[in-house]
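K.L.:
Sharing a structure, written as structure tokens. Questions coming.
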Amino acid sequence: MKSVQRMLAKNASIYMIPLSLVLFIVIVSLMYVIPKIKDSVDNYKSLQQQTIEFDLLHKKRLLLESFSKDSSTYLAIAETALPQEKQADTILLALDNLTAATLLAPDSISLNPGVISTQSAEIEGVSATGRKSEKQKGAYVIPVQFLARGTTSQFTEFVKQLLASRRIFDLEKVTLTYAKDVDDFLIADFMLLVYYLPPITEIGGIESVLPELTSAETELILSLNSLPLMSQQVTTPGVDASIPLGKPDLFVP
Amino acid sequence: MATREINLIGIKKKFTPYEEKIKGISHRLIPIVLITYAIILISVFSVSFYIQDKLASKERSVASERDQIKKMSRDEGKYLLLKQKADALQQILGARFPYVDLFEFFHGLASDMVKISSLEMNQAGSLVINVNTLDSAALDTFISAILDQAQKRFGRVELTGVDYKSDNTYSITLNIQTILKNTQ
């Protein structure tokens with residue numbers, strides 16, 4: 001028994017310090033180093049995610065900051081081409097101005113804009129009456145049937161000016177009937193499409209990526225500015241707008 | 001009485017050469033291991049602190065960006081609206097049907113022998129032209145002219161029907177799928 005104790009005491013003096021050291025390293029590693037490395041790996045992954053998120057948000061903020069400087073100009077131009085509301089009055093005014101400019105004689109105009117209400121109060125694509133609006137080419141349409149008569153040159157000029165109007169019109173269909181008795185005279189039955197785009201009522205989350213407005217789109221919007229604004233009241237020379245034309249309210253004495 | 005010997009000098013351990021060798025090795029290695037481990041410890045803790053600090057800083061930046069974007073929600077709405085409008089305008093203006101060109105083309109083909117009574121065009125490319133003629137040979141020439149010119153001016157024009165009506169009216173139906181060239 002004594003010999004065993006002696007052997008252990010002798011060996012311990014050689015192996016005790018290295019063994020204690022190894023034990024210390026193992027314990028410290030298990031308790032502190034390995035959890036710290038795990039934490040660091042997790043934090044590094046989070047850091048990468050945060051970096052990606054930051055880049056996206058930063059890009060979005062810069063885009064919004066640069067946009068907010070020019071937003072009113074661009075929106076004002078786009079609004080005249082594609083208004084937020086149906087604006088039935090501007091459709092009639094534009095057709096009136098176009099026919100006056102091209103001397104095409106209007107016979108009838110038929111449009112059914114449906115409920116004229118604030119579009120922002122409606123669910124997208126569904127009017128207040130629950131009737132589903134028709135969406136074509138990214139915007140809602142109001143069909144307008146327009147019947148007119150005139151010469152071929154008046155017709156071609158009308159179509160040219162109609163398609164070049166800043167309030168965007170599209171010609172879905174046209175039926176031309178030539179007059180039998182009069183040369184170079186025709187009756188034109190137009191099926192027009194007038195577009196409008198209600199304002200959006202919901203935007204995505206803060207992290208949602210904004211679709212970039214391309215330079216082609218910006219140029220297109222700016223190019224609209226040069227198109228004639230046919231939906232504006234044309235003042236007739238010699239008529240004084242300040243002259244009272246009647247009582248504004250019939251029930252007021 | 002017999003005397004006994006006693007050794008009061010401390011017992012000095014005697015190691016074998018093998019044990020001496022191990023002792024020497026451990027004496028040399030222990031400081032190296034300790035220093036290396038200390039370096040590893042310092043590195044691990046430093047890197048951990050650095051990453052934590054960076055993460056905290058990035059989180060602050062993200063929160064700041066979020067706040068600023070939140071304040072610009074009105075601009076974001078305007079931007080999205082403008083983008084929607086730009087998309088729609090591109091679609092509408094990019095798909096214009098050349099009504100005037102087509103009208104002028106068909107109007108130019110009419111003659112005293114073949115008179116156009118009506119012309120119907122839609123933006124899907126369908127076109128119906130009604131003509132009055134008493135001479136079927138003139139009608140042949142008219143149709144041939146359409147098809148001949150169409151090869152030069154349009155991408156693909158399909159003659160889908162020629163119908164005769166009792167009042168010497170022919171209805172010619174065409175389908176214009178793709179217009180590659182401007183007729184002017």
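Ordered as shown in the structure tokens, chains take letters A, B, and onward, while each chain numbers its residues from 1 and ligands are numbered from 1 in the order shown.
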With 8 Å as the limit and counting only C-alpha atoms, what residues in chain B lie close to chain A? Please list them as a PyMOL selection string.

P.N.:
chain B and resi 13+19+22-23+26+30+37+41+44-45+47-48+51-52+54-55+58-59+61-62+65-66+68-70+72+75-92+96+99-100+116-123

K.L.:
Please return as a list of chain:residue names: the residues of stretch 153-242 of chain A that backbone DSSP assigns to alpha helix (DSSP H).

P.N.:
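Listing alpha helix (DSSP H) positions across stretch 153-242 of chain A yields A:Ser153, A:Gln154, A:Phe155, A:Thr156, A:Glu157, A:Phe158, A:Val159, A:Lys160, A:Gln161, A:Leu162, A:Leu163, A:Ser215, A:Ala216, A:Glu217, A:Thr218, A:Glu219, A:Leu220, A:Ile221, A:Leu222, A:Ser223, A:Leu224.
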
K.L.:
Pick out the closest residue to B:Ile143 from this set: B:Leu174, B:Ala95, B:Gly125, B:Glu5. Count only C-alpha atoms.

P.N.:
B:Leu174

K.L.:
For B:Gly108, work out the shell of residues within 12 Å, counting only C-alpha atoms and skipping chain neighbours fewer than 3 positions away, then give it as an MDAnalysis selection string.

P.N.:
(chainID A and resid 152 184) or (chainID B and resid 100:105 111:112 114:116 142 145:146 149 183:184)

K.L.:
Could you tell me which of B:Asn132, B:Ala2, B:Asp148, B:Thr141 comes closest to B:Asp167 if we count only C-alpha atoms?

P.N.:
B:Asn132

K.L.:
For atom CA of B:Asn175 and atom CA of B:Ser126, quote the distance in Å rounded to one decimal.

P.N.:
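Here the two named atoms are 4.7 Å from each other.
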